[in-house]
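The file work.pdb comes next; it holds PDB, C-alpha atoms.
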```
ATOM      1  CA  MET A  13       0.000   0.000   0.000
ATOM      2  CA  THR A  14       1.295   3.460  -0.824
ATOM      3  CA  ILE A  15       1.600   5.681   2.238
ATOM      4  CA  LEU A  16       1.552   9.312   1.128
ATOM      5  CA  THR A  17       2.581  11.515   4.013
ATOM      6  CA  THR A  18       3.637  15.126   4.297
ATOM      7  CA  MET A  19       6.663  15.699   6.509
ATOM      8  CA  HIS A  20       7.434  18.938   8.285
ATOM      9  CA  ARG A  21      10.649  19.971   9.954
ATOM     10  CA  SER A  22      12.036  23.331  10.978
ATOM     11  CA  VAL A  23      15.241  24.498   9.341
ATOM     12  CA  ASP A  24      16.761  24.716  12.824
ATOM     13  CA  ASN A  25      16.709  21.582  13.233
ATOM     14  CA  THR A  26      44.702   1.131  -4.254
ATOM     15  CA  PRO A  27      44.565   4.332  -6.449
ATOM     16  CA  GLU A  28      45.024   7.435  -4.408
ATOM     17  CA  ALA A  29      42.421  10.141  -4.256
ATOM     18  CA  SER A  30      42.897  13.071  -6.582
ATOM     19  CA  THR A  31      43.732  15.422  -3.709
ATOM     20  CA  ASP A  32      45.225  15.313  -0.259
ATOM     21  CA  PHE A  33      42.884  18.043   0.939
ATOM     22  CA  GLU A  34      41.448  17.120   4.330
ATOM     23  CA  PRO A  35      39.838  20.016   6.177
ATOM     24  CA  PRO A  36      40.590  19.966   9.908
ATOM     25  CA  LYS A  37      38.036  19.571  12.671
ATOM     26  CA  CYS A  38      35.234  18.261  10.504
ATOM     27  CA  ARG A  39      32.583  16.221  12.295
ATOM     28  CA  TYR A  40      32.655  13.724   9.427
ATOM     29  CA  ARG A  41      35.448  11.250   8.715
ATOM     30  CA  LEU A  42      37.149  12.406   5.522
ATOM     31  CA  ASP A  43      40.105  10.008   5.445
ATOM     32  CA  ASN A  44      40.570   6.748   3.578
ATOM     33  CA  ASP A  45      41.089   4.622   6.687
ATOM     34  CA  SER A  46      37.710   2.926   6.195
ATOM     35  CA  SER A  47      38.255   2.343   2.476
ATOM     36  CA  ASP A  48      39.386  -0.751   0.623
ATOM     37  CA  THR A  49      38.972  -2.531  -2.699
ATOM     38  CA  LEU A  50      37.591  -5.897  -3.755
ATOM     39  CA  THR A  51      38.869  -7.675  -6.850
ATOM     40  CA  LEU A  52      35.878  -8.740  -8.956
ATOM     41  CA  PRO A  53      35.736 -11.900 -11.109
ATOM     42  CA  ASP A  54      36.570  -9.918 -14.271
ATOM     43  CA  GLY A  55      39.659  -8.425 -12.629
ATOM     44  CA  ARG A  56      38.196  -4.971 -11.948
ATOM     45  CA  LYS A  57      38.631  -3.314  -8.562
ATOM     46  CA  LEU A  58      35.557  -2.256  -6.606
ATOM     47  CA  GLY A  59      36.140   0.565  -4.135
ATOM     48  CA  TYR A  60      34.153   0.650  -0.927
ATOM     49  CA  ALA A  61      34.207   2.195   2.545
ATOM     50  CA  GLN A  62      32.598   1.015   5.774
ATOM     51  CA  TYR A  63      31.117   3.181   8.506
ATOM     52  CA  GLY A  64      28.869   2.819  11.523
ATOM     53  CA  SER A  65      28.552  -0.394  13.512
ATOM     54  CA  PRO A  66      30.577  -3.313  12.062
ATOM     55  CA  THR A  67      28.075  -5.782  13.543
ATOM     56  CA  GLY A  68      24.865  -3.943  12.645
ATOM     57  CA  HIS A  69      22.401  -4.570   9.818
ATOM     58  CA  ALA A  70      24.283  -3.835   6.582
ATOM     59  CA  ILE A  71      23.011  -0.989   4.393
ATOM     60  CA  ILE A  72      24.669  -0.573   1.005
ATOM     61  CA  TYR A  73      24.944   3.149   0.273
ATOM     62  CA  VAL A  74      24.612   4.077  -3.427
ATOM     63  CA  HIS A  75      25.975   7.576  -3.968
ATOM     64  CA  GLY A  76      24.646  10.301  -6.238
ATOM     65  CA  LEU A  77      26.280  11.894  -9.275
ATOM     66  CA  PRO A  78      28.923  13.046  -8.897
ATOM     67  CA  GLY A  79      29.736  11.157  -5.723
ATOM     68  CA  SER A  80      31.774   8.411  -4.168
ATOM     69  CA  ARG A  81      31.962   5.918  -1.312
ATOM     70  CA  ILE A  82      33.188   8.758   0.960
ATOM     71  CA  LYS A  83      29.699  10.310   1.072
ATOM     72  CA  ALA A  84      28.571   7.370   3.219
ATOM     73  CA  THR A  85      30.634   8.770   6.101
ATOM     74  CA  GLY A  86      27.687  11.088   6.746
ATOM     75  CA  TYR A  87      25.940   8.043   8.248
ATOM     76  CA  HIS A  88      28.830   6.968  10.501
ATOM     77  CA  ASP A  89      27.565   8.364  13.806
ATOM     78  CA  LEU A  90      23.993   7.329  12.991
ATOM     79  CA  GLY A  91      25.176   3.826  12.255
ATOM     80  CA  LEU A  92      26.930   3.615  15.606
ATOM     81  CA  ASP A  93      23.878   4.992  17.395
ATOM     82  CA  LEU A  94      21.241   2.886  15.631
ATOM     83  CA  GLY A  95      23.205  -0.297  15.008
ATOM     84  CA  ALA A  96      23.666  -0.047  11.228
ATOM     85  CA  ARG A  97      26.682  -1.002   9.139
ATOM     86  CA  ILE A  98      26.948   1.487   6.281
ATOM     87  CA  ILE A  99      28.914   0.370   3.220
ATOM     88  CA  GLY A 100      29.513   3.008   0.546
ATOM     89  CA  VAL A 101      30.417   1.727  -2.936
ATOM     90  CA  ASP A 102      32.180   3.567  -5.774
ATOM     91  CA  ARG A 103      30.612   3.048  -9.171
ATOM     92  CA  PRO A 104      32.951   2.172 -12.092
ATOM     93  CA  GLY A 105      35.368   4.912 -13.078
ATOM     94  CA  MET A 106      34.854   6.880  -9.862
ATOM     95  CA  GLY A 107      36.854   6.841  -6.648
ATOM     96  CA  TRP A 108      38.693   3.551  -6.326
ATOM     97  CA  SER A 109      36.546   1.508  -8.744
ATOM     98  CA  THR A 110      37.994   0.458 -12.103
ATOM     99  CA  PRO A 111      36.211   1.785 -15.202
ATOM    100  CA  GLN A 112      33.833  -0.628 -16.940
ATOM    101  CA  PRO A 113      33.295   0.286 -20.617
ATOM    102  CA  ASP A 114      29.848  -0.360 -22.090
ATOM    103  CA  ARG A 115      28.318  -1.156 -18.708
ATOM    104  CA  LYS A 116      24.594  -1.256 -18.015
ATOM    105  CA  ILE A 117      22.632  -0.251 -14.938
ATOM    106  CA  LEU A 118      22.165  -3.892 -13.929
ATOM    107  CA  ASP A 119      25.933  -4.476 -13.962
ATOM    108  CA  PHE A 120      26.263  -2.439 -10.777
ATOM    109  CA  ALA A 121      23.861  -4.776  -9.001
ATOM    110  CA  LYS A 122      26.180  -7.658  -9.911
ATOM    111  CA  ASP A 123      29.083  -5.775  -8.315
ATOM    112  CA  VAL A 124      27.029  -5.279  -5.156
ATOM    113  CA  GLU A 125      26.190  -8.983  -5.114
ATOM    114  CA  HIS A 126      29.893  -9.862  -5.262
ATOM    115  CA  LEU A 127      30.600  -7.403  -2.447
ATOM    116  CA  THR A 128      27.880  -8.774  -0.179
ATOM    117  CA  GLY A 129      29.114 -12.272  -0.918
ATOM    118  CA  HIS A 130      32.643 -11.211  -0.022
ATOM    119  CA  PHE A 131      31.368 -10.059   3.364
ATOM    120  CA  GLY A 132      29.156 -13.128   3.774
ATOM    121  CA  LEU A 133      26.062 -10.983   4.293
ATOM    122  CA  LYS A 134      22.902 -13.015   4.677
ATOM    123  CA  SER A 135      20.726  -9.952   5.177
ATOM    124  CA  TYR A 136      21.214  -6.405   3.913
ATOM    125  CA  SER A 137      19.398  -3.365   2.542
ATOM    126  CA  VAL A 138      20.191  -0.729  -0.081
ATOM    127  CA  ILE A 139      19.757   3.036   0.042
ATOM    128  CA  GLY A 140      20.248   5.135  -3.097
ATOM    129  CA  LEU A 141      20.402   8.923  -3.173
ATOM    130  CA  SER A 142      19.649  11.158  -6.150
ATOM    131  CA  GLY A 143      21.647   9.804  -9.116
ATOM    132  CA  GLY A 144      22.075   6.568  -7.179
ATOM    133  CA  GLY A 145      18.356   5.898  -7.630
ATOM    134  CA  PRO A 146      18.600   3.919 -10.892
ATOM    135  CA  TYR A 147      21.293   1.685  -9.427
ATOM    136  CA  ALA A 148      19.329   1.071  -6.234
ATOM    137  CA  LEU A 149      16.346   0.119  -8.392
ATOM    138  CA  ALA A 150      18.612  -2.288 -10.302
ATOM    139  CA  CYS A 151      19.502  -3.931  -6.991
ATOM    140  CA  ALA A 152      15.793  -4.235  -6.205
ATOM    141  CA  ALA A 153      15.171  -5.843  -9.579
ATOM    142  CA  SER A 154      17.943  -8.419  -9.560
ATOM    143  CA  LEU A 155      19.585  -9.166  -6.195
ATOM    144  CA  PRO A 156      18.677 -12.430  -4.397
ATOM    145  CA  SER A 157      15.352 -12.141  -2.630
ATOM    146  CA  GLN A 158      16.505 -14.169   0.362
ATOM    147  CA  ASN A 159      19.208 -11.586   1.148
ATOM    148  CA  LEU A 160      17.951  -8.162   0.073
ATOM    149  CA  LYS A 161      15.355  -6.990   2.597
ATOM    150  CA  CYS A 162      14.659  -3.349   1.752
ATOM    151  CA  VAL A 163      15.474  -0.743  -0.891
ATOM    152  CA  SER A 164      15.129   2.943  -0.061
ATOM    153  CA  LEU A 165      15.368   5.815  -2.548
ATOM    154  CA  VAL A 166      15.981   9.323  -1.218
ATOM    155  CA  CYS A 167      15.215  11.969  -3.864
ATOM    156  CA  GLY A 168      16.179   9.181  -6.263
ATOM    157  CA  LEU A 169      16.014   9.355 -10.036
ATOM    158  CA  GLY A 170      13.653   6.987 -11.773
ATOM    159  CA  PRO A 171      13.671   5.745 -15.389
ATOM    160  CA  PRO A 172      14.616   8.391 -17.988
ATOM    161  CA  ASP A 173      11.134   8.543 -19.518
ATOM    162  CA  ILE A 174       9.931  10.324 -16.355
ATOM    163  CA  GLY A 175      12.093  13.326 -17.262
ATOM    164  CA  MET A 176      14.546  15.402 -15.244
ATOM    165  CA  SER A 177      16.362  18.718 -15.030
ATOM    166  CA  ASP A 178      20.134  18.942 -14.790
ATOM    167  CA  ALA A 179      22.479  20.743 -12.443
ATOM    168  CA  VAL A 180      26.092  21.431 -13.343
ATOM    169  CA  ALA A 181      28.837  21.494 -10.708
ATOM    170  CA  CYS A 182      31.971  23.551 -11.201
ATOM    171  CA  MET A 183      34.989  21.267 -10.879
ATOM    172  CA  ASP A 184      37.855  23.524 -11.934
ATOM    173  CA  LEU A 185      38.653  24.877  -8.447
ATOM    174  CA  ASP A 186      40.502  23.131  -5.659
ATOM    175  CA  ASP A 187      38.501  22.168  -2.584
ATOM    176  CA  GLU A 188      39.540  25.129  -0.452
ATOM    177  CA  ASP A 189      38.527  27.621  -3.152
ATOM    178  CA  ARG A 190      35.247  25.812  -3.799
ATOM    179  CA  LEU A 191      34.454  25.794  -0.084
ATOM    180  CA  GLU A 192      35.104  29.528   0.116
ATOM    181  CA  SER A 193      32.871  30.054  -2.923
ATOM    182  CA  LEU A 194      30.018  28.006  -1.455
ATOM    183  CA  LEU A 195      30.181  29.920   1.810
ATOM    184  CA  SER A 196      30.282  33.336   0.144
ATOM    185  CA  PRO A 197      27.341  35.714   0.623
ATOM    186  CA  SER A 198      26.986  36.003  -3.160
ATOM    187  CA  PHE A 199      26.394  32.253  -3.538
ATOM    188  CA  LEU A 200      24.047  32.050  -0.561
ATOM    189  CA  LYS A 201      21.972  34.852  -2.088
ATOM    190  CA  THR A 202      21.338  32.631  -5.120
ATOM    191  CA  LEU A 203      19.608  30.059  -2.922
ATOM    192  CA  THR A 204      15.947  30.969  -2.964
ATOM    193  CA  HIS A 205      14.748  28.401  -0.438
ATOM    194  CA  GLU A 206      15.449  28.911   3.263
ATOM    195  CA  LYS A 207      16.127  25.214   3.798
ATOM    196  CA  ASP A 208      18.813  25.269   1.107
ATOM    197  CA  ARG A 209      20.432  28.301   2.737
ATOM    198  CA  GLN A 210      20.443  26.504   6.084
ATOM    199  CA  VAL A 211      22.034  23.358   4.632
ATOM    200  CA  PHE A 212      24.691  25.261   2.693
ATOM    201  CA  GLN A 213      25.749  27.208   5.769
ATOM    202  CA  ASP A 214      26.779  23.919   7.398
ATOM    203  CA  THR A 215      30.543  24.008   6.838
ATOM    204  CA  HIS A 216      30.995  20.393   7.914
ATOM    205  CA  MET A 217      28.453  19.163   5.356
ATOM    206  CA  LEU A 218      30.115  21.228   2.633
ATOM    207  CA  LYS A 219      33.525  19.767   3.460
ATOM    208  CA  LEU A 220      32.068  16.279   3.165
ATOM    209  CA  MET A 221      30.345  17.111  -0.115
ATOM    210  CA  LEU A 222      33.545  18.531  -1.585
ATOM    211  CA  ARG A 223      35.667  15.610  -0.403
ATOM    212  CA  ALA A 224      33.242  13.027  -1.806
ATOM    213  CA  THR A 225      32.901  14.882  -5.099
ATOM    214  CA  ARG A 226      36.642  15.300  -5.468
ATOM    215  CA  GLU A 227      37.018  11.555  -4.924
ATOM    216  CA  ALA A 228      34.535  10.952  -7.746
ATOM    217  CA  TRP A 229      36.879  12.965  -9.961
ATOM    218  CA  ALA A 230      39.972  10.939  -8.959
ATOM    219  CA  GLN A 231      40.249   9.120 -12.289
ATOM    220  CA  GLY A 232      39.150  12.030 -14.452
ATOM    221  CA  PHE A 233      35.799  13.034 -15.901
ATOM    222  CA  GLU A 234      34.989   9.992 -18.040
ATOM    223  CA  GLY A 235      33.619   7.861 -15.191
ATOM    224  CA  ILE A 236      31.220  10.633 -14.189
ATOM    225  CA  ALA A 237      30.191  11.269 -17.794
ATOM    226  CA  GLN A 238      29.611   7.568 -18.468
ATOM    227  CA  ASP A 239      27.513   7.271 -15.316
ATOM    228  CA  GLY A 240      25.256  10.081 -16.499
ATOM    229  CA  ARG A 241      24.942   8.660 -20.005
ATOM    230  CA  THR A 242      24.127   5.211 -18.650
ATOM    231  CA  MET A 243      21.316   6.291 -16.343
ATOM    232  CA  CYS A 244      19.780   8.498 -19.046
ATOM    233  CA  THR A 245      19.766   5.830 -21.781
ATOM    234  CA  PRO A 246      16.673   3.583 -21.643
ATOM    235  CA  ALA A 247      18.372   0.746 -23.542
ATOM    236  CA  LEU A 248      21.049   0.504 -20.834
ATOM    237  CA  TRP A 249      18.611  -0.169 -17.998
ATOM    238  CA  GLY A 250      17.657  -3.752 -18.837
ATOM    239  CA  PHE A 251      14.716  -3.951 -16.431
ATOM    240  CA  ARG A 252      11.390  -2.319 -15.640
ATOM    241  CA  VAL A 253      10.369  -0.897 -12.281
ATOM    242  CA  GLU A 254       7.122  -2.860 -12.677
ATOM    243  CA  ASP A 255       9.087  -6.126 -12.576
ATOM    244  CA  ILE A 256      10.610  -5.574  -9.120
ATOM    245  CA  ARG A 257       9.480  -8.443  -6.905
ATOM    246  CA  LYS A 258       6.293  -7.784  -5.019
ATOM    247  CA  ASP A 259       7.511  -8.922  -1.593
ATOM    248  CA  LEU A 260      10.415  -6.453  -1.440
ATOM    249  CA  LEU A 261       9.967  -3.496   0.890
ATOM    250  CA  MET A 262      10.381  -0.238  -1.057
ATOM    251  CA  LEU A 263      10.718   3.149   0.684
ATOM    252  CA  LEU A 264      10.574   6.385  -1.339
ATOM    253  CA  TRP A 265      11.493   9.818   0.077
ATOM    254  CA  CYS A 266      10.836  12.973  -1.969
ATOM    255  CA  GLY A 267      10.916  16.720  -1.428
ATOM    256  CA  LYS A 268       8.074  18.921  -2.665
ATOM    257  CA  ASP A 269      10.534  21.739  -3.341
ATOM    258  CA  ASP A 270      13.190  19.564  -5.001
ATOM    259  CA  THR A 271      14.150  21.238  -8.290
ATOM    260  CA  PHE A 272      16.878  18.714  -9.186
ATOM    261  CA  VAL A 273      14.907  15.458  -8.937
ATOM    262  CA  GLN A 274      11.266  16.474  -8.959
ATOM    263  CA  PRO A 275       8.931  14.597  -6.590
ATOM    264  CA  ASN A 276       7.142  13.216  -9.631
ATOM    265  CA  HIS A 277       9.947  10.661  -9.844
ATOM    266  CA  GLY A 278       8.916   9.158  -6.518
ATOM    267  CA  VAL A 279       5.231   9.334  -7.421
ATOM    268  CA  GLN A 280       5.823   7.624 -10.775
ATOM    269  CA  ILE A 281       8.022   4.911  -9.246
ATOM    270  CA  ALA A 282       5.350   4.225  -6.618
ATOM    271  CA  THR A 283       2.697   4.017  -9.345
ATOM    272  CA  ARG A 284       4.780   1.585 -11.388
ATOM    273  CA  LEU A 285       5.240  -0.540  -8.279
ATOM    274  CA  GLY A 286       1.478  -0.927  -8.135
ATOM    275  CA  GLY A 287       0.998   1.274  -5.080
ATOM    276  CA  ARG A 288       2.927  -1.053  -2.755
ATOM    277  CA  ALA A 289       5.792   1.320  -1.940
ATOM    278  CA  GLU A 290       5.839   3.581   1.112
ATOM    279  CA  LEU A 291       5.981   7.047  -0.415
ATOM    280  CA  ARG A 292       6.886   9.937   1.870
ATOM    281  CA  VAL A 293       6.740  13.456   0.470
ATOM    282  CA  GLY A 294       8.160  16.236   2.617
ATOM    283  CA  GLU A 295       8.244  20.004   2.365
ATOM    284  CA  ASP A 296      11.930  19.863   1.542
ATOM    285  CA  THR A 297      14.499  20.610  -1.142
ATOM    286  CA  HIS A 298      16.959  18.219  -2.773
ATOM    287  CA  ALA A 299      19.540  19.093  -0.128
ATOM    288  CA  SER A 300      17.318  19.091   2.946
ATOM    289  CA  ILE A 301      15.426  15.838   2.247
ATOM    290  CA  SER A 302      18.710  13.923   2.491
ATOM    291  CA  GLN A 303      20.306  16.028   5.204
ATOM    292  CA  HIS A 304      17.478  16.658   7.666
ATOM    293  CA  TRP A 305      15.731  13.275   7.503
ATOM    294  CA  ARG A 306      18.755  10.996   7.562
ATOM    295  CA  ARG A 307      17.966   9.457  10.945
ATOM    296  CA  GLU A 308      14.353   8.732  10.009
ATOM    297  CA  GLN A 309      15.480   7.151   6.743
ATOM    298  CA  VAL A 310      17.821   4.733   8.513
ATOM    299  CA  GLU A 311      15.268   4.048  11.259
ATOM    300  CA  ALA A 312      12.653   3.240   8.618
ATOM    301  CA  ILE A 313      14.933   0.552   7.177
ATOM    302  CA  LEU A 314      15.954  -0.904  10.515
ATOM    303  CA  GLY A 315      12.385  -0.858  11.785
ATOM    304  CA  LYS A 316      11.369  -3.306   9.073
ATOM    305  CA  MET A 317      14.123  -5.843   9.771
TER     306      MET A 317
END
```
Before we go any further, please render this structure as structure tokens.
Amino acid sequence: MTILTTMHRSVDNTPEASTDFEPPKCRYRLDNDSSDTLTLPDGRKLGYAQYGSPTGHAIIYVHGLPGSRIKATGYHDLGLDLGARIIGVDRPGMGWSTPQPDRKILDFAKDVEHLTGHFGLKSYSVIGLSGGGPYALACAASLPSQNLKCVSLVCGLGPPDIGMSDAVACMDLDDEDRLESLLSPSFLKTLTHEKDRQVFQDTHMLKLMLRATREAWAQGFEGIAQDGRTMCTPALWGFRVEDIRKDLLMLLWCGKDDTFVQPNHGVQIATRLGGRAELRVGEDTHASISQHWRREQVEAILGKM
């Protein structure tokens, strides 16, 4: 059954990385100490990082675009508090993962299956944010039903026929200059929504965003470009949302004021799932739906286990 709710919250509320920049005194872990690689059957390397509780329920974190395994560090303290093991995974050509020419969306699900097998996980969930949505849906469509318990999309992209608008990130500055730019009064004035202004005044969050994005860029631009082309090409999906197994728990989180991934993506995905997904629509932007509701999103997964 689709649960359509309106949420309210006050705004108060292996290879080396491409840069050694590590801002001091950040509340998030920005190092590579939690990172490693797995050699896949075809010889490629799969980069991943682990955060939170090492003995908790495993949640595979599927980053946005651009993004990397490092973004999962935002869940580290939550994982410790709630008993969740957060495993961020680099997609091919980004971070520490080897490029994979001519890949399809479903190929990422195979990589995740190898990773969960490597860890011997008998039970795990998947959470995909923004551009990670298509890949989380691929996991829902193809990973073993006896192991995968829940798939959650947070402002996640759906199939390309739904339609989308693009945002372009400037990548020609180093992290310190980009951080200064993002904190400047002139940039903050361009943010028309109060919740966006609140999120982008969080220096710690910005440092994490910049670190994770810079890691995505570690092997150059091609991995990022290929990722975008793949998710926007219908022929490279290889599955339909309608075919996702009916007994799999699906959680969809959308922001009414999201101008990057419009809430219609969540609505359309829920419709194609036959109304059996839990759809939660909040009065939030693309930034605030993932930043302000992080605890509730993890609790929603763990509460179903």
Hits of the PyMOL selection byres ((chain A and resi 228) around 7) in this structure, as a PDB file with C-alpha atoms, in the coordinates of the input:
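Output contents, as saved in out.pdb:
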```pdb
ATOM      1  CA  PRO A  78      28.923  13.046  -8.897  1.00  0.00           C
ATOM      2  CA  GLY A  79      29.736  11.157  -5.723  1.00  0.00           C
ATOM      3  CA  SER A  80      31.774   8.411  -4.168  1.00  0.00           C
ATOM      4  CA  MET A 106      34.854   6.880  -9.862  1.00  0.00           C
ATOM      5  CA  GLY A 107      36.854   6.841  -6.648  1.00  0.00           C
ATOM      6  CA  ALA A 224      33.242  13.027  -1.806  1.00  0.00           C
ATOM      7  CA  THR A 225      32.901  14.882  -5.099  1.00  0.00           C
ATOM      8  CA  ARG A 226      36.642  15.300  -5.468  1.00  0.00           C
ATOM      9  CA  GLU A 227      37.018  11.555  -4.924  1.00  0.00           C
ATOM     10  CA  TRP A 229      36.879  12.965  -9.961  1.00  0.00           C
ATOM     11  CA  ALA A 230      39.972  10.939  -8.959  1.00  0.00           C
TER      12      ALA A 230
END
```
- Message: Using all atoms listed in the file, which protein or nucleic acid residues come within 12 Å of A:Asp123? Drop anything in the same chain fewer than 6 positions from it, and give the result as an MDAnalysis selection string.
- Response: chainID A and resid 49:60 72 74 101:104 109:110 112 115:117 129:130 147 150:151 154:155
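Of the residues under consideration (A:Pro172, A:Gly145, A:Leu90, A:Ser157), A:Leu90 shows the shortest atom-to-atom contact distance to A:Trp305 when counting all atoms listed in the file.
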One residue among A:Leu133, A:Leu222, A:Val253, A:Leu291 is nearest to A:Pro171 when using only C-alpha atoms, and that residue is A:Val253
Evaluate the PyMOL selection byres ((chain A and resi 99) around 10) here and jot the selected residues down as a short mmCIF file (atom, residue, chain, number, x, y, z; two decimals) with C-alpha atoms, in the frame of the given file.
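Writing the result to part31.cif gives the following:
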```
data_model
loop_
_atom_site.label_atom_id
_atom_site.label_comp_id
_atom_site.auth_asym_id
_atom_site.auth_seq_id
_atom_site.Cartn_x
_atom_site.Cartn_y
_atom_site.Cartn_z
CA SER A 46 37.71 2.93 6.20
CA SER A 47 38.26 2.34 2.48
CA TYR A 60 34.15 0.65 -0.93
CA ALA A 61 34.21 2.19 2.54
CA GLN A 62 32.60 1.01 5.77
CA TYR A 63 31.12 3.18 8.51
CA GLY A 64 28.87 2.82 11.52
CA PRO A 66 30.58 -3.31 12.06
CA ALA A 70 24.28 -3.84 6.58
CA ILE A 71 23.01 -0.99 4.39
CA ILE A 72 24.67 -0.57 1.00
CA TYR A 73 24.94 3.15 0.27
CA VAL A 74 24.61 4.08 -3.43
CA ARG A 81 31.96 5.92 -1.31
CA ILE A 82 33.19 8.76 0.96
CA ALA A 84 28.57 7.37 3.22
CA THR A 85 30.63 8.77 6.10
CA TYR A 87 25.94 8.04 8.25
CA HIS A 88 28.83 6.97 10.50
CA ALA A 96 23.67 -0.05 11.23
CA ARG A 97 26.68 -1.00 9.14
CA ILE A 98 26.95 1.49 6.28
CA GLY A 100 29.51 3.01 0.55
CA VAL A 101 30.42 1.73 -2.94
CA LEU A 127 30.60 -7.40 -2.45
CA THR A 128 27.88 -8.77 -0.18
CA VAL A 138 20.19 -0.73 -0.08
#
```
What separates atom CA of A:Gly168 and atom CA of A:Gly132 is a distance of 27.7 Å
(request) Give as a PyMOL selection string the set of residues within 12 Å of the point (17.9, 6.0, 10.4), where distances use the file's coordinates and all atoms listed in the file. (result) chain A and resi 64+69+71+86-98+139+164+302-316
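If you look at atom CA of A:Ser65 and atom CA of A:Tyr136, they are 13.5 Å away from each other.
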Report as an MDAnalysis selection string all protein, DNA and RNA residues lying within 8 Å of A:Leu264, evaluated on only C-alpha atoms, omitting residues in the same chain fewer than 2 positions from it. chainID A and resid 164:168 262 266 278 282 289:292
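Here atom CA of A:Val293 and atom CA of A:Phe251 stand 25.5 Å from one another.
Note on the selection: in this file the PyMOL selection byres ((chain A and resi 274) around 10) comes out as A:Cys167, A:Gly168, A:Leu169, A:Ile174, A:Gly175, A:Met176, A:Ser177, A:Cys266, A:Gly267, A:Lys268, A:Asp269, A:Asp270, A:Thr271, A:Phe272, A:Val273, A:Pro275, A:Asn276, A:His277, A:Gly278, A:Val279, A:Thr297, A:His298.
The list of residues with at least one atom within 8 Å of A:Leu260, based on all atoms listed in the file and without residues fewer than 5 positions apart in the same chain, reads Ala152, Ser157, Leu160, Lys161, Cys162 and Val163 of chain A.
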Residues just named, written with C-alpha atoms as a short mmCIF file (atom, residue, chain, number, x, y, z; two decimals), in the frame of the given file:
```cif
data_model
loop_
_atom_site.label_atom_id
_atom_site.label_comp_id
_atom_site.auth_asym_id
_atom_site.auth_seq_id
_atom_site.Cartn_x
_atom_site.Cartn_y
_atom_site.Cartn_z
CA ALA A 152 15.79 -4.24 -6.20
CA SER A 157 15.35 -12.14 -2.63
CA LEU A 160 17.95 -8.16 0.07
CA LYS A 161 15.36 -6.99 2.60
CA CYS A 162 14.66 -3.35 1.75
CA VAL A 163 15.47 -0.74 -0.89
#
```
Residue with the minimum atom-to-atom distance to A:Ser135, picked from A:Pro156, A:Lys258, A:Ser300, A:Leu77 with all atoms listed in the file counted, is A:Pro156
